[in-house]
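Dropping entry-v5.cif in here (mmCIF, C-alpha atoms):
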data_target
#
loop_
_atom_site.group_PDB
_atom_site.id
_atom_site.type_symbol
_atom_site.label_atom_id
_atom_site.label_comp_id
_atom_site.auth_asym_id
_atom_site.auth_seq_id
_atom_site.Cartn_x
_atom_site.Cartn_y
_atom_site.Cartn_z
ATOM 1 C CA MET Q 1204 197.649 116.377 5.659
ATOM 2 C CA THR Q 1205 195.170 118.140 3.394
ATOM 3 C CA GLY Q 1206 191.434 117.699 3.826
ATOM 4 C CA TYR Q 1207 191.255 115.578 0.664
ATOM 5 C CA LEU Q 1208 193.992 113.190 1.762
ATOM 6 C CA GLU Q 1209 192.493 112.898 5.221
ATOM 7 C CA GLY Q 1210 189.128 112.055 3.687
ATOM 8 C CA VAL Q 1211 190.673 109.290 1.567
ATOM 9 C CA PHE Q 1212 192.605 107.987 4.587
ATOM 10 C CA VAL Q 1213 189.439 107.851 6.707
ATOM 11 C CA LEU Q 1214 187.507 106.061 3.966
ATOM 12 C CA LEU Q 1215 190.325 103.535 3.649
ATOM 13 C CA ALA Q 1216 190.377 102.921 7.413
ATOM 14 C CA ILE Q 1217 186.590 102.473 7.580
ATOM 15 C CA ASN Q 1218 186.539 100.245 4.495
ATOM 16 C CA ILE Q 1219 189.178 97.982 6.031
ATOM 17 C CA ILE Q 1220 186.996 97.569 9.117
ATOM 18 C CA LEU Q 1221 183.933 96.865 6.965
ATOM 19 C CA ALA Q 1222 185.922 94.346 4.916
ATOM 20 C CA TYR Q 1223 186.719 92.416 8.077
ATOM 21 C CA GLY Q 1224 183.023 92.544 8.958
ATOM 22 C CA ALA Q 1225 182.334 90.543 5.778
ATOM 23 C CA PHE Q 1226 185.511 88.459 6.027
ATOM 24 C CA LEU Q 1227 184.768 86.868 9.406
ATOM 25 C CA PRO Q 1228 181.557 85.112 8.267
ATOM 26 C CA MET Q 1229 183.218 84.161 4.978
ATOM 27 C CA ALA Q 1230 186.075 82.616 6.948
ATOM 28 C CA ALA Q 1231 183.463 80.156 8.247
ATOM 29 C CA GLY Q 1232 181.972 79.532 4.795
ATOM 30 C CA GLN Q 1233 179.120 82.079 4.902
ATOM 31 C CA LEU Q 1234 178.270 84.771 2.375
ATOM 32 C CA ASN Q 1235 176.602 87.689 4.159
ATOM 33 C CA LEU Q 1236 174.838 89.968 1.664
ATOM 34 C CA GLY Q 1237 173.187 91.893 4.461
ATOM 35 C CA VAL Q 1238 176.372 93.230 6.014
ATOM 36 C CA ALA Q 1239 175.341 96.824 5.207
ATOM 37 C CA GLY Q 1240 172.335 96.346 7.487
ATOM 38 C CA PHE Q 1241 174.657 95.767 10.437
ATOM 39 C CA VAL Q 1242 176.737 98.770 9.380
ATOM 40 C CA ALA Q 1243 173.535 100.833 9.499
ATOM 41 C CA MET Q 1244 172.671 99.475 12.951
ATOM 42 C CA GLY Q 1245 176.054 100.512 14.293
ATOM 43 C CA ALA Q 1246 175.865 103.948 12.691
ATOM 44 C CA TYR Q 1247 172.370 104.788 13.931
ATOM 45 C CA ILE Q 1248 172.706 103.303 17.417
ATOM 46 C CA ALA Q 1249 175.979 105.131 18.021
ATOM 47 C CA ALA Q 1250 174.593 108.387 16.602
ATOM 48 C CA TYR Q 1251 171.493 108.133 18.787
ATOM 49 C CA LEU Q 1252 173.546 107.526 21.941
ATOM 50 C CA SER Q 1253 175.742 110.537 21.172
ATOM 51 C CA ASN Q 1254 172.833 112.826 20.320
ATOM 52 C CA GLU Q 1255 170.382 111.868 23.056
ATOM 53 C CA TYR Q 1256 172.659 110.831 25.926
ATOM 54 C CA ALA Q 1257 175.855 112.810 25.167
ATOM 55 C CA TRP Q 1258 178.020 109.688 24.936
ATOM 56 C CA THR Q 1259 181.529 110.134 23.624
ATOM 57 C CA PRO Q 1260 182.063 108.809 20.062
ATOM 58 C CA LEU Q 1261 184.239 105.858 21.104
ATOM 59 C CA ALA Q 1262 181.921 104.818 23.940
ATOM 60 C CA ALA Q 1263 178.900 105.069 21.641
ATOM 61 C CA ALA Q 1264 180.721 103.078 18.926
ATOM 62 C CA LEU Q 1265 181.621 100.315 21.383
ATOM 63 C CA ALA Q 1266 178.062 100.161 22.767
ATOM 64 C CA ALA Q 1267 176.612 100.085 19.235
ATOM 65 C CA SER Q 1268 178.966 97.255 18.293
ATOM 66 C CA ILE Q 1269 177.923 95.208 21.335
ATOM 67 C CA ALA Q 1270 174.214 95.874 20.758
ATOM 68 C CA THR Q 1271 174.499 94.887 17.097
ATOM 69 C CA ALA Q 1272 176.372 91.724 18.067
ATOM 70 C CA ALA Q 1273 173.517 90.778 20.393
ATOM 71 C CA ILE Q 1274 170.970 91.287 17.604
ATOM 72 C CA ALA Q 1275 173.121 89.325 15.142
ATOM 73 C CA PHE Q 1276 173.470 86.468 17.629
ATOM 74 C CA VAL Q 1277 169.680 86.183 17.908
ATOM 75 C CA VAL Q 1278 168.965 86.312 14.171
ATOM 76 C CA ALA Q 1279 171.867 83.968 13.369
ATOM 77 C CA PHE Q 1280 170.007 80.890 14.566
ATOM 78 C CA PRO Q 1281 167.163 80.990 11.995
ATOM 79 C CA ILE Q 1282 169.308 82.463 9.208
ATOM 80 C CA LEU Q 1283 172.171 79.965 9.506
ATOM 81 C CA ARG Q 1284 169.753 77.073 9.091
ATOM 82 C CA THR Q 1285 169.969 77.881 5.367
ATOM 83 C CA ARG Q 1286 172.861 77.068 3.059
ATOM 84 C CA GLY Q 1287 174.430 78.383 -0.151
ATOM 85 C CA ILE Q 1288 172.334 80.716 -2.251
ATOM 86 C CA TYR Q 1289 169.497 80.507 0.286
ATOM 87 C CA LEU Q 1290 171.797 81.867 2.998
ATOM 88 C CA ALA Q 1291 172.809 84.729 0.699
ATOM 89 C CA LEU Q 1292 169.137 85.514 0.014
ATOM 90 C CA ALA Q 1293 168.263 85.342 3.715
ATOM 91 C CA THR Q 1294 171.016 87.793 4.660
ATOM 92 C CA PHE Q 1295 170.035 90.032 1.732
ATOM 93 C CA ALA Q 1296 166.447 90.086 3.028
ATOM 94 C CA LEU Q 1297 167.687 90.888 6.531
ATOM 95 C CA GLY Q 1298 169.629 93.878 5.226
ATOM 96 C CA GLN Q 1299 166.557 95.140 3.377
ATOM 97 C CA VAL Q 1300 164.444 94.792 6.525
ATOM 98 C CA VAL Q 1301 166.942 96.856 8.515
ATOM 99 C CA GLN Q 1302 167.079 99.584 5.869
ATOM 100 C CA ALA Q 1303 163.284 99.753 5.521
ATOM 101 C CA THR Q 1304 162.862 99.880 9.306
ATOM 102 C CA ILE Q 1305 165.259 102.812 9.646
ATOM 103 C CA LEU Q 1306 163.527 104.659 6.805
ATOM 104 C CA ASN Q 1307 160.308 104.529 8.836
ATOM 105 C CA LEU Q 1308 161.791 105.531 12.191
ATOM 106 C CA ASN Q 1309 161.126 109.238 12.646
ATOM 107 C CA VAL Q 1310 163.096 109.243 15.890
ATOM 108 C CA VAL Q 1311 166.285 108.969 13.810
ATOM 109 C CA GLY Q 1312 165.146 111.165 10.957
ATOM 110 C CA GLY Q 1313 163.584 108.518 8.726
ATOM 111 C CA ALA Q 1314 164.273 109.095 5.033
ATOM 112 C CA SER Q 1315 165.651 112.594 5.737
ATOM 113 C CA GLY Q 1316 168.789 111.282 7.406
ATOM 114 C CA TYR Q 1317 170.154 111.804 10.883
ATOM 115 C CA PRO Q 1318 172.778 114.433 11.823
ATOM 116 C CA VAL Q 1319 175.356 113.461 14.440
ATOM 117 C CA SER Q 1320 176.290 116.002 17.100
ATOM 118 C CA THR Q 1321 179.788 114.735 17.966
ATOM 119 C CA PHE Q 1322 182.829 114.427 15.714
ATOM 120 C CA LEU Q 1323 185.604 111.832 15.612
ATOM 121 C CA GLY Q 1324 188.884 112.832 13.983
ATOM 122 C CA GLY Q 1325 190.678 110.911 11.268
ATOM 123 C CA GLY Q 1326 193.573 109.994 13.528
ATOM 124 C CA MET Q 1327 191.311 108.178 15.969
ATOM 125 C CA VAL Q 1328 189.496 106.413 13.132
ATOM 126 C CA GLY Q 1329 192.842 105.188 11.828
ATOM 127 C CA ALA Q 1330 193.894 104.029 15.299
ATOM 128 C CA VAL Q 1331 190.686 102.011 15.710
ATOM 129 C CA ALA Q 1332 191.163 100.457 12.259
ATOM 130 C CA LEU Q 1333 194.723 99.457 13.186
ATOM 131 C CA ALA Q 1334 193.446 97.918 16.423
ATOM 132 C CA VAL Q 1335 190.834 95.923 14.482
ATOM 133 C CA VAL Q 1336 193.505 94.601 12.100
ATOM 134 C CA ILE Q 1337 195.714 93.522 14.997
ATOM 135 C CA VAL Q 1338 192.822 91.828 16.825
ATOM 136 C CA VAL Q 1339 191.672 89.920 13.718
ATOM 137 C CA ILE Q 1340 195.208 88.771 12.915
ATOM 138 C CA ALA Q 1341 195.630 87.617 16.514
ATOM 139 C CA LEU Q 1342 192.228 85.869 16.378
ATOM 140 C CA PHE Q 1343 193.304 83.679 13.473
ATOM 141 C CA HIS Q 1344 196.341 82.529 15.437
ATOM 142 C CA THR Q 1345 194.073 81.161 18.163
ATOM 143 C CA ARG Q 1346 192.130 77.893 18.333
ATOM 144 C CA LEU Q 1347 188.944 79.745 17.364
ATOM 145 C CA GLY Q 1348 190.458 81.193 14.206
ATOM 146 C CA ILE Q 1349 191.961 77.871 13.163
ATOM 147 C CA SER Q 1350 188.593 76.175 13.776
ATOM 148 C CA LEU Q 1351 186.821 78.761 11.602
ATOM 149 C CA THR Q 1352 189.277 78.070 8.792
ATOM 150 C CA ALA Q 1353 188.681 74.328 9.168
ATOM 151 C CA VAL Q 1354 184.918 74.851 8.870
ATOM 152 C CA SER Q 1355 185.407 76.940 5.734
ATOM 153 C CA ASP Q 1356 187.653 74.290 4.148
ATOM 154 C CA ASP Q 1357 185.341 71.323 4.821
ATOM 155 C CA GLU Q 1358 182.292 71.386 7.101
ATOM 156 C CA ILE Q 1359 181.923 67.608 7.132
ATOM 157 C CA ALA Q 1360 185.553 67.004 8.055
ATOM 158 C CA ALA Q 1361 185.376 69.701 10.734
ATOM 159 C CA ASP Q 1362 182.272 68.054 12.202
ATOM 160 C CA MET Q 1363 183.967 64.651 12.213
ATOM 161 C CA MET Q 1364 186.907 66.200 14.103
ATOM 162 C CA GLY Q 1365 184.506 67.186 16.882
ATOM 163 C CA LEU Q 1366 184.058 70.865 16.014
ATOM 164 C CA SER Q 1367 180.618 72.401 16.531
ATOM 165 C CA VAL Q 1368 180.086 73.761 13.034
ATOM 166 C CA ARG Q 1369 176.804 75.545 13.759
ATOM 167 C CA TRP Q 1370 178.213 77.235 16.866
ATOM 168 C CA LEU Q 1371 181.393 78.352 15.071
ATOM 169 C CA GLN Q 1372 179.364 79.798 12.207
ATOM 170 C CA THR Q 1373 177.156 81.631 14.694
ATOM 171 C CA VAL Q 1374 180.224 83.086 16.412
ATOM 172 C CA ALA Q 1375 181.719 84.170 13.072
ATOM 173 C CA PHE Q 1376 178.437 85.780 11.998
ATOM 174 C CA THR Q 1377 178.139 87.601 15.325
ATOM 175 C CA LEU Q 1378 181.743 88.835 15.356
ATOM 176 C CA GLY Q 1379 181.514 89.987 11.746
ATOM 177 C CA SER Q 1380 178.338 91.926 12.494
ATOM 178 C CA ALA Q 1381 179.967 93.585 15.509
ATOM 179 C CA VAL Q 1382 182.971 94.662 13.440
ATOM 180 C CA ALA Q 1383 180.723 95.975 10.648
ATOM 181 C CA ALA Q 1384 178.706 97.949 13.217
ATOM 182 C CA LEU Q 1385 181.925 99.456 14.576
ATOM 183 C CA GLY Q 1386 182.798 100.665 11.092
ATOM 184 C CA GLY Q 1387 179.333 102.180 10.732
ATOM 185 C CA ALA Q 1388 179.653 103.984 14.070
ATOM 186 C CA LEU Q 1389 183.000 105.491 13.058
ATOM 187 C CA TYR Q 1390 181.518 106.563 9.728
ATOM 188 C CA ALA Q 1391 178.623 108.317 11.463
ATOM 189 C CA HIS Q 1392 180.831 110.217 13.905
ATOM 190 C CA HIS Q 1393 183.425 111.290 11.362
ATOM 191 C CA PHE Q 1394 181.074 112.461 8.614
ATOM 192 C CA SER Q 1395 178.488 113.764 11.127
ATOM 193 C CA PHE Q 1396 175.513 112.558 9.122
ATOM 194 C CA VAL Q 1397 173.931 109.209 8.217
ATOM 195 C CA GLU Q 1398 171.052 108.246 5.963
ATOM 196 C CA ALA Q 1399 169.597 104.815 5.410
ATOM 197 C CA GLN Q 1400 169.856 105.067 1.614
ATOM 198 C CA ASN Q 1401 173.624 104.602 1.918
ATOM 199 C CA PHE Q 1402 173.239 101.143 3.459
ATOM 200 C CA GLY Q 1403 171.449 99.246 0.718
ATOM 201 C CA ILE Q 1404 172.366 96.140 -1.266
ATOM 202 C CA MET Q 1405 175.031 97.963 -3.298
ATOM 203 C CA ALA Q 1406 176.907 98.814 -0.110
ATOM 204 C CA SER Q 1407 176.802 95.142 0.917
ATOM 205 C CA LEU Q 1408 178.050 94.038 -2.507
ATOM 206 C CA TYR Q 1409 180.963 96.466 -2.405
ATOM 207 C CA ILE Q 1410 181.977 95.286 1.057
ATOM 208 C CA VAL Q 1411 181.842 91.632 -0.030
ATOM 209 C CA LEU Q 1412 183.868 92.507 -3.142
ATOM 210 C CA TYR Q 1413 186.606 93.951 -0.921
ATOM 211 C CA VAL Q 1414 187.092 90.448 0.467
ATOM 212 C CA LEU Q 1415 186.627 88.528 -2.788
ATOM 213 C CA LEU Q 1416 189.124 90.725 -4.613
ATOM 214 C CA GLY Q 1417 191.748 90.678 -1.880
ATOM 215 C CA GLY Q 1418 191.280 86.990 -1.077
ATOM 216 C CA THR Q 1419 189.337 84.951 1.451
ATOM 217 C CA GLN Q 1420 192.175 82.597 2.367
ATOM 218 C CA THR Q 1421 194.154 84.970 4.555
ATOM 219 C CA VAL Q 1422 193.550 87.909 6.890
ATOM 220 C CA TRP Q 1423 195.654 90.135 4.632
ATOM 221 C CA GLY Q 1424 193.269 89.838 1.694
ATOM 222 C CA PRO Q 1425 190.564 92.218 3.028
ATOM 223 C CA ILE Q 1426 193.164 94.938 3.575
ATOM 224 C CA LEU Q 1427 194.339 94.739 -0.029
ATOM 225 C CA GLY Q 1428 190.805 94.555 -1.389
ATOM 226 C CA ALA Q 1429 189.665 97.578 0.615
ATOM 227 C CA ALA Q 1430 192.767 99.509 -0.456
ATOM 228 C CA VAL Q 1431 192.188 98.766 -4.154
ATOM 229 C CA PHE Q 1432 188.505 99.726 -4.051
ATOM 230 C CA THR Q 1433 189.265 102.909 -2.096
ATOM 231 C CA LEU Q 1434 192.451 104.160 -3.735
ATOM 232 C CA LEU Q 1435 192.227 103.011 -7.352
ATOM 233 C CA PRO Q 1436 189.191 105.170 -8.255
ATOM 234 C CA GLU Q 1437 191.030 108.155 -6.779
ATOM 235 C CA LEU Q 1438 194.172 107.368 -8.784
ATOM 236 C CA LEU Q 1439 192.036 107.171 -11.929
ATOM 237 C CA ARG Q 1440 190.280 110.457 -11.159
ATOM 238 C CA GLY Q 1441 192.222 112.152 -13.971
ATOM 239 C CA SER Q 1442 190.368 109.928 -16.460
ATOM 240 C CA ALA Q 1443 187.138 111.799 -15.661
ATOM 241 C CA SER Q 1444 184.027 109.839 -16.647
ATOM 242 C CA TRP Q 1445 186.059 106.867 -17.901
ATOM 243 C CA ARG Q 1446 187.607 106.092 -14.534
ATOM 244 C CA TYR Q 1447 184.766 103.834 -13.409
ATOM 245 C CA VAL Q 1448 184.868 101.938 -16.722
ATOM 246 C CA ILE Q 1449 188.609 101.390 -16.355
ATOM 247 C CA PHE Q 1450 188.171 100.429 -12.709
ATOM 248 C CA ALA Q 1451 185.429 97.907 -13.543
ATOM 249 C CA CYS Q 1452 187.533 96.353 -16.323
ATOM 250 C CA LEU Q 1453 190.473 95.934 -13.947
ATOM 251 C CA ILE Q 1454 188.210 94.238 -11.385
ATOM 252 C CA ILE Q 1455 186.864 91.869 -14.048
ATOM 253 C CA ALA Q 1456 190.415 91.019 -15.143
ATOM 254 C CA VAL Q 1457 191.429 90.194 -11.577
ATOM 255 C CA MET Q 1458 188.343 88.027 -11.053
ATOM 256 C CA VAL Q 1459 189.058 86.130 -14.290
ATOM 257 C CA PHE Q 1460 192.762 85.511 -13.739
ATOM 258 C CA ARG Q 1461 192.731 85.361 -9.913
ATOM 259 C CA PRO Q 1462 189.309 83.955 -8.917
ATOM 260 C CA GLN Q 1463 190.689 82.933 -5.527
ATOM 261 C CA GLY Q 1464 191.656 86.560 -4.802
ATOM 262 C CA VAL Q 1465 194.932 88.389 -5.108
ATOM 263 C CA VAL Q 1466 196.397 87.264 -1.768
ATOM 264 C CA THR Q 1467 196.427 83.506 -1.117
ATOM 265 C CA THR Q 1468 198.050 81.286 1.502
ATOM 266 C CA GLY Q 1469 200.292 79.794 -1.174
ATOM 267 C CA MET Q 1470 201.545 83.247 -2.143
ATOM 268 C CA LEU Q 1471 202.316 84.081 1.489
ATOM 269 C CA ARG Q 1472 204.209 80.814 1.956
ATOM 270 C CA ARG Q 1473 206.342 81.498 -1.129
ATOM 271 C CA LEU Q 1474 207.012 85.040 0.077
ATOM 272 C CA LEU Q 1475 208.077 83.753 3.500
ATOM 273 C CA ASP Q 1476 210.356 81.181 1.849
ATOM 274 C CA VAL Q 1477 212.026 83.939 -0.164
ATOM 275 C CA CYS Q 1478 212.467 86.184 2.877
ATOM 276 C CA ARG Q 1479 213.653 83.411 5.209
ATOM 277 C CA PRO Q 1480 217.474 83.330 5.507
ATOM 278 C CA ARG Q 1481 218.945 80.167 4.011
ATOM 279 C CA ALA Q 1482 221.411 78.015 5.895
ATOM 280 C CA LEU Q 1483 224.972 78.031 4.580
ATOM 281 C CA PRO Q 1484 226.257 74.717 3.194
ATOM 282 C CA GLN Q 1485 228.736 72.817 5.327
ATOM 283 C CA GLY Q 1486 232.156 74.314 5.064
ATOM 284 C CA GLY Q 1487 230.729 77.631 3.886
ATOM 285 C CA LYS Q 1488 231.601 80.941 5.513
#
Starting from the file, give its structure as structure tokens.
Amino acid sequence: MTGYLEGVFVLLAINIILAYGAFLPMAAGQLNLGVAGFVAMGAYIAAYLSNEYAWTPLAAALAASIATAAIAFVVAFPILRTRGIYLALATFALGQVVQATILNLNVVGGASGYPVSTFLGGGMVGAVALAVVIVVIALFHTRLGISLTAVSDDEIAADMMGLSVRWLQTVAFTLGSAVAALGGALYAHHFSFVEAQNFGIMASLYIVLYVLLGGTQTVWGPILGAAVFTLLPELLRGSASWRYVIFACLIIAVMVFRPQGVVTTGMLRRLLDVCRPRALPQGGK
């Protein structure tokens, strides 16, 4: 694999992880516009552990994910008291606070960025991304995953069924933040450098768009959305300066004609019906 292809593969793997970081809160009916802040936490915490304490990349990434989850769990209680656009604004403000804090922390380089001493290869990044996909798919086949879907469909009905809506939303927010932090830690250790400017509101919007484009109704949607946003600009690279215009027009077309996302539960059911072998009529051979 050439260096270019490996770079695209690594970006795709990391973007899939980040997409799941936004998908998990959205699966419980929350729009997190501060997801890039948690990505930054994971990147900087993992980089600091590797630089200052000689932790291995995977150990530092796991520790950064756990630490970010703990922070997210604490801030979830005041933030999740809001609803709708106010929740989006609260998470946006949280992301801005994280970015501004890092910019003023000289211990991690401040506005100059922070080099990372250890390197994580593309193969390991891909393996971690595959593990995240498997874990998330398995999660949504458990009682917790089904409960999160119920909360997203109708909070009032879920509450009447005895589900603790606030607790489930807190769990989804915490898990999503942990996954986003894991993606940030992998990014830091593969590219060997992080700077806070890369984790602003535009990064959050792109990550949320991965999910909205692919679809919020199924765990397969974030994979497709991340793949489109990662690969399509590269496929349009031959169009030079027009590639981003073409890419934006394609995204607008999808949002207009498929506002629920490309992958939906109905589409998956129809696909399974087509693939399922049909029983032969009586007397048939």
* What residues have an atom no more than 10 Å from (192.8, 107.7, 4.8) in the file's own frame, counting only C-alpha atoms, and can you write them as a list in words? ->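 Residues with an atom at most 10 Å from (192.8, 107.7, 4.8): Met1204, Tyr1207, Leu1208, Glu1209, Gly1210, Val1211, Phe1212, Val1213, Leu1214, Leu1215, Ala1216, Ile1217, Asn1218, Gly1325, Gly1326, Val1328, Gly1329, Ala1430, Thr1433 and Leu1434 of chain Q.
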* Asked: With only C-alpha atoms as the atoms that count, which of Q:Gln1302, Q:Asn1307, Q:Gln1233, Q:Thr1271 lies nearest to Thr1419 of chain Q?
  ->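 Using only C-alpha atoms, the shortest distance to Thr1419 of chain Q belongs to Q:Gln1233.
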* Written as an MDAnalysis selection string, what is the full residue list that the PyMOL selection byres ((chain Q and resi 1258) around 12) yields on the file shown? -> chainID Q and resid 1248:1257 1259:1267 1319:1322 1392
* Residues matched by the PyMOL selection byres ((chain Q and resi 1219) around 9) as a list in words -> Leu1214, Leu1215, Ala1216, Ile1217, Asn1218, Ile1220, Leu1221, Ala1222, Tyr1223, Gly1224, Ala1332, Val1335, Val1336, Gly1386, Tyr1413, Pro1425, Ile1426, Leu1427, Gly1428, Ala1429 and Ala1430 of chain Q
* Provide the atom CA of Asn1401 of chain Q to atom CA of Leu1453 of chain Q distance in Å, to one decimal place. =>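 We find that atom CA of Asn1401 of chain Q and atom CA of Leu1453 of chain Q lie 24.7 Å from each other.
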* **Best match for closeness to Gly1313 of chain Q among Q:Pro1436, Q:Ala1293, Q:Ala1406, Q:Val1397, counting all atoms listed in the file** =>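 Looking only at the distances to Gly1313 of chain Q, the closest residue turns out to be Q:Val1397.
Contact shell of Ile1282 of chain Q at 10 Å (only C-alpha atoms; same-chain neighbours under 2 positions omitted): Ala1275, Val1277, Val1278, Ala1279, Phe1280, Arg1284, Thr1285, Arg1286, Tyr1289, Leu1290, Ala1291, Leu1292, Ala1293, Thr1294, Leu1297 and Thr1373 of chain Q.
Atom CA of Val1331 of chain Q is found 8.8 Å from atom CA of Leu1389 of chain Q.
Note that atom CA of Ser1380 of chain Q and atom CA of Ile1359 of chain Q are 25.2 Å apart.
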* Asked: Quick one: of Q:Gly1424, Q:Gly1403, Q:Gly1348, Q:Gly1464, who's nearest to Ala1239 of chain Q, counting only C-alpha atoms?
  ->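 Closest residue, counting only C-alpha atoms: Q:Gly1403.
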* Tell me which protein, DNA and RNA residues are within 12 Å of Ala1230 of chain Q, counting all atoms listed in the file, leaving out same-chain ones fewer than 5 positions away, and put them as a ChimeraX atom specification. => /Q:1222-1225,1235,1339,1342-1343,1347-1358,1371-1376,1378-1379,1414-1415,1418-1422,1424-1425
* Given the file shown, enumerate the residues that the PyMOL selection byres ((chain Q and resi 1398) around 10) captures and present them as a PyMOL selection string. => chain Q and resi 1243+1246-1247+1302+1305-1306+1311-1318+1391+1396-1397+1399-1402
Can you spit out the residues from that selection as a short mmCIF file (atom, residue, chain, number, x, y, z; two decimals), in the frame of the given file, using C-alpha atoms?
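Saved file part37.cif follows:
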data_model
loop_
_atom_site.label_atom_id
_atom_site.label_comp_id
_atom_site.auth_asym_id
_atom_site.auth_seq_id
_atom_site.Cartn_x
_atom_site.Cartn_y
_atom_site.Cartn_z
CA ALA Q 1243 173.54 100.83 9.50
CA ALA Q 1246 175.86 103.95 12.69
CA TYR Q 1247 172.37 104.79 13.93
CA GLN Q 1302 167.08 99.58 5.87
CA ILE Q 1305 165.26 102.81 9.65
CA LEU Q 1306 163.53 104.66 6.80
CA VAL Q 1311 166.28 108.97 13.81
CA GLY Q 1312 165.15 111.16 10.96
CA GLY Q 1313 163.58 108.52 8.73
CA ALA Q 1314 164.27 109.10 5.03
CA SER Q 1315 165.65 112.59 5.74
CA GLY Q 1316 168.79 111.28 7.41
CA TYR Q 1317 170.15 111.80 10.88
CA PRO Q 1318 172.78 114.43 11.82
CA ALA Q 1391 178.62 108.32 11.46
CA PHE Q 1396 175.51 112.56 9.12
CA VAL Q 1397 173.93 109.21 8.22
CA ALA Q 1399 169.60 104.82 5.41
CA GLN Q 1400 169.86 105.07 1.61
CA ASN Q 1401 173.62 104.60 1.92
CA PHE Q 1402 173.24 101.14 3.46
#
* Q:Ile1404, Q:Gly1417, Q:Arg1346, Q:Val1459 ranked by distance to Leu1366 of chain Q, top pick (using all atoms listed in the file) ->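 Checking each candidate against Leu1366 of chain Q, we get Q:Arg1346 as the closest.
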Selecting C-alpha atoms, how would segment 1322-1371 of chain Q from this structure be written as a CSV table (one decimal), in the first residue's frame?
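Ended up saving to decode-v9.csv:
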chain,number,residue,atom,x,y,z
Q,1322,PHE,CA,3.7,6.5,16.4
Q,1323,LEU,CA,0.8,4.2,15.7
Q,1324,GLY,CA,0.7,2.4,12.3
Q,1325,GLY,CA,-2.2,2.4,10.0
Q,1326,GLY,CA,-2.9,-1.3,10.5
Q,1327,MET,CA,-3.5,-0.9,14.2
Q,1328,VAL,CA,-5.7,2.1,13.6
Q,1329,GLY,CA,-7.8,0.1,11.2
Q,1330,ALA,CA,-8.0,-2.8,13.7
Q,1331,VAL,CA,-9.2,-0.5,16.5
Q,1332,ALA,CA,-11.8,1.0,14.1
Q,1333,LEU,CA,-13.1,-2.5,13.2
Q,1334,ALA,CA,-13.3,-3.3,16.9
Q,1335,VAL,CA,-15.3,-0.1,17.5
Q,1336,VAL,CA,-17.7,-1.0,14.7
Q,1337,ILE,CA,-18.2,-4.5,16.1
Q,1338,VAL,CA,-18.8,-3.2,19.7
Q,1339,VAL,CA,-21.3,-0.6,18.6
Q,1340,ILE,CA,-23.2,-3.1,16.5
Q,1341,ALA,CA,-23.3,-5.6,19.4
Q,1342,LEU,CA,-24.4,-2.7,21.7
Q,1343,PHE,CA,-27.5,-2.1,19.7
Q,1344,HIS,CA,-28.5,-5.7,20.0
Q,1345,THR,CA,-28.6,-5.4,23.7
Q,1346,ARG,CA,-31.3,-4.1,26.1
Q,1347,LEU,CA,-29.3,-0.8,26.4
Q,1348,GLY,CA,-29.2,-0.2,22.6
Q,1349,ILE,CA,-32.8,-1.0,22.2
Q,1350,SER,CA,-33.7,1.4,25.1
Q,1351,LEU,CA,-31.6,4.1,23.4
Q,1352,THR,CA,-33.6,3.7,20.2
Q,1353,ALA,CA,-36.8,3.8,22.1
Q,1354,VAL,CA,-35.8,7.1,23.7
Q,1355,SER,CA,-34.9,8.5,20.3
Q,1356,ASP,CA,-38.3,7.5,18.8
Q,1357,ASP,CA,-40.5,8.9,21.6
Q,1358,GLU,CA,-39.2,10.1,25.0
Q,1359,ILE,CA,-42.7,10.3,26.5
Q,1360,ALA,CA,-43.5,6.7,25.5
Q,1361,ALA,CA,-40.2,5.5,26.7
Q,1362,ASP,CA,-40.7,7.1,30.1
Q,1363,MET,CA,-44.2,5.6,30.3
Q,1364,MET,CA,-42.7,2.2,29.7
Q,1365,GLY,CA,-40.5,2.6,32.8
Q,1366,LEU,CA,-37.2,3.6,31.1
Q,1367,SER,CA,-35.1,6.2,32.8
Q,1368,VAL,CA,-34.8,8.7,29.9
Q,1369,ARG,CA,-32.3,11.1,31.6
Q,1370,TRP,CA,-30.0,8.2,32.6
Q,1371,LEU,CA,-30.1,6.7,29.2
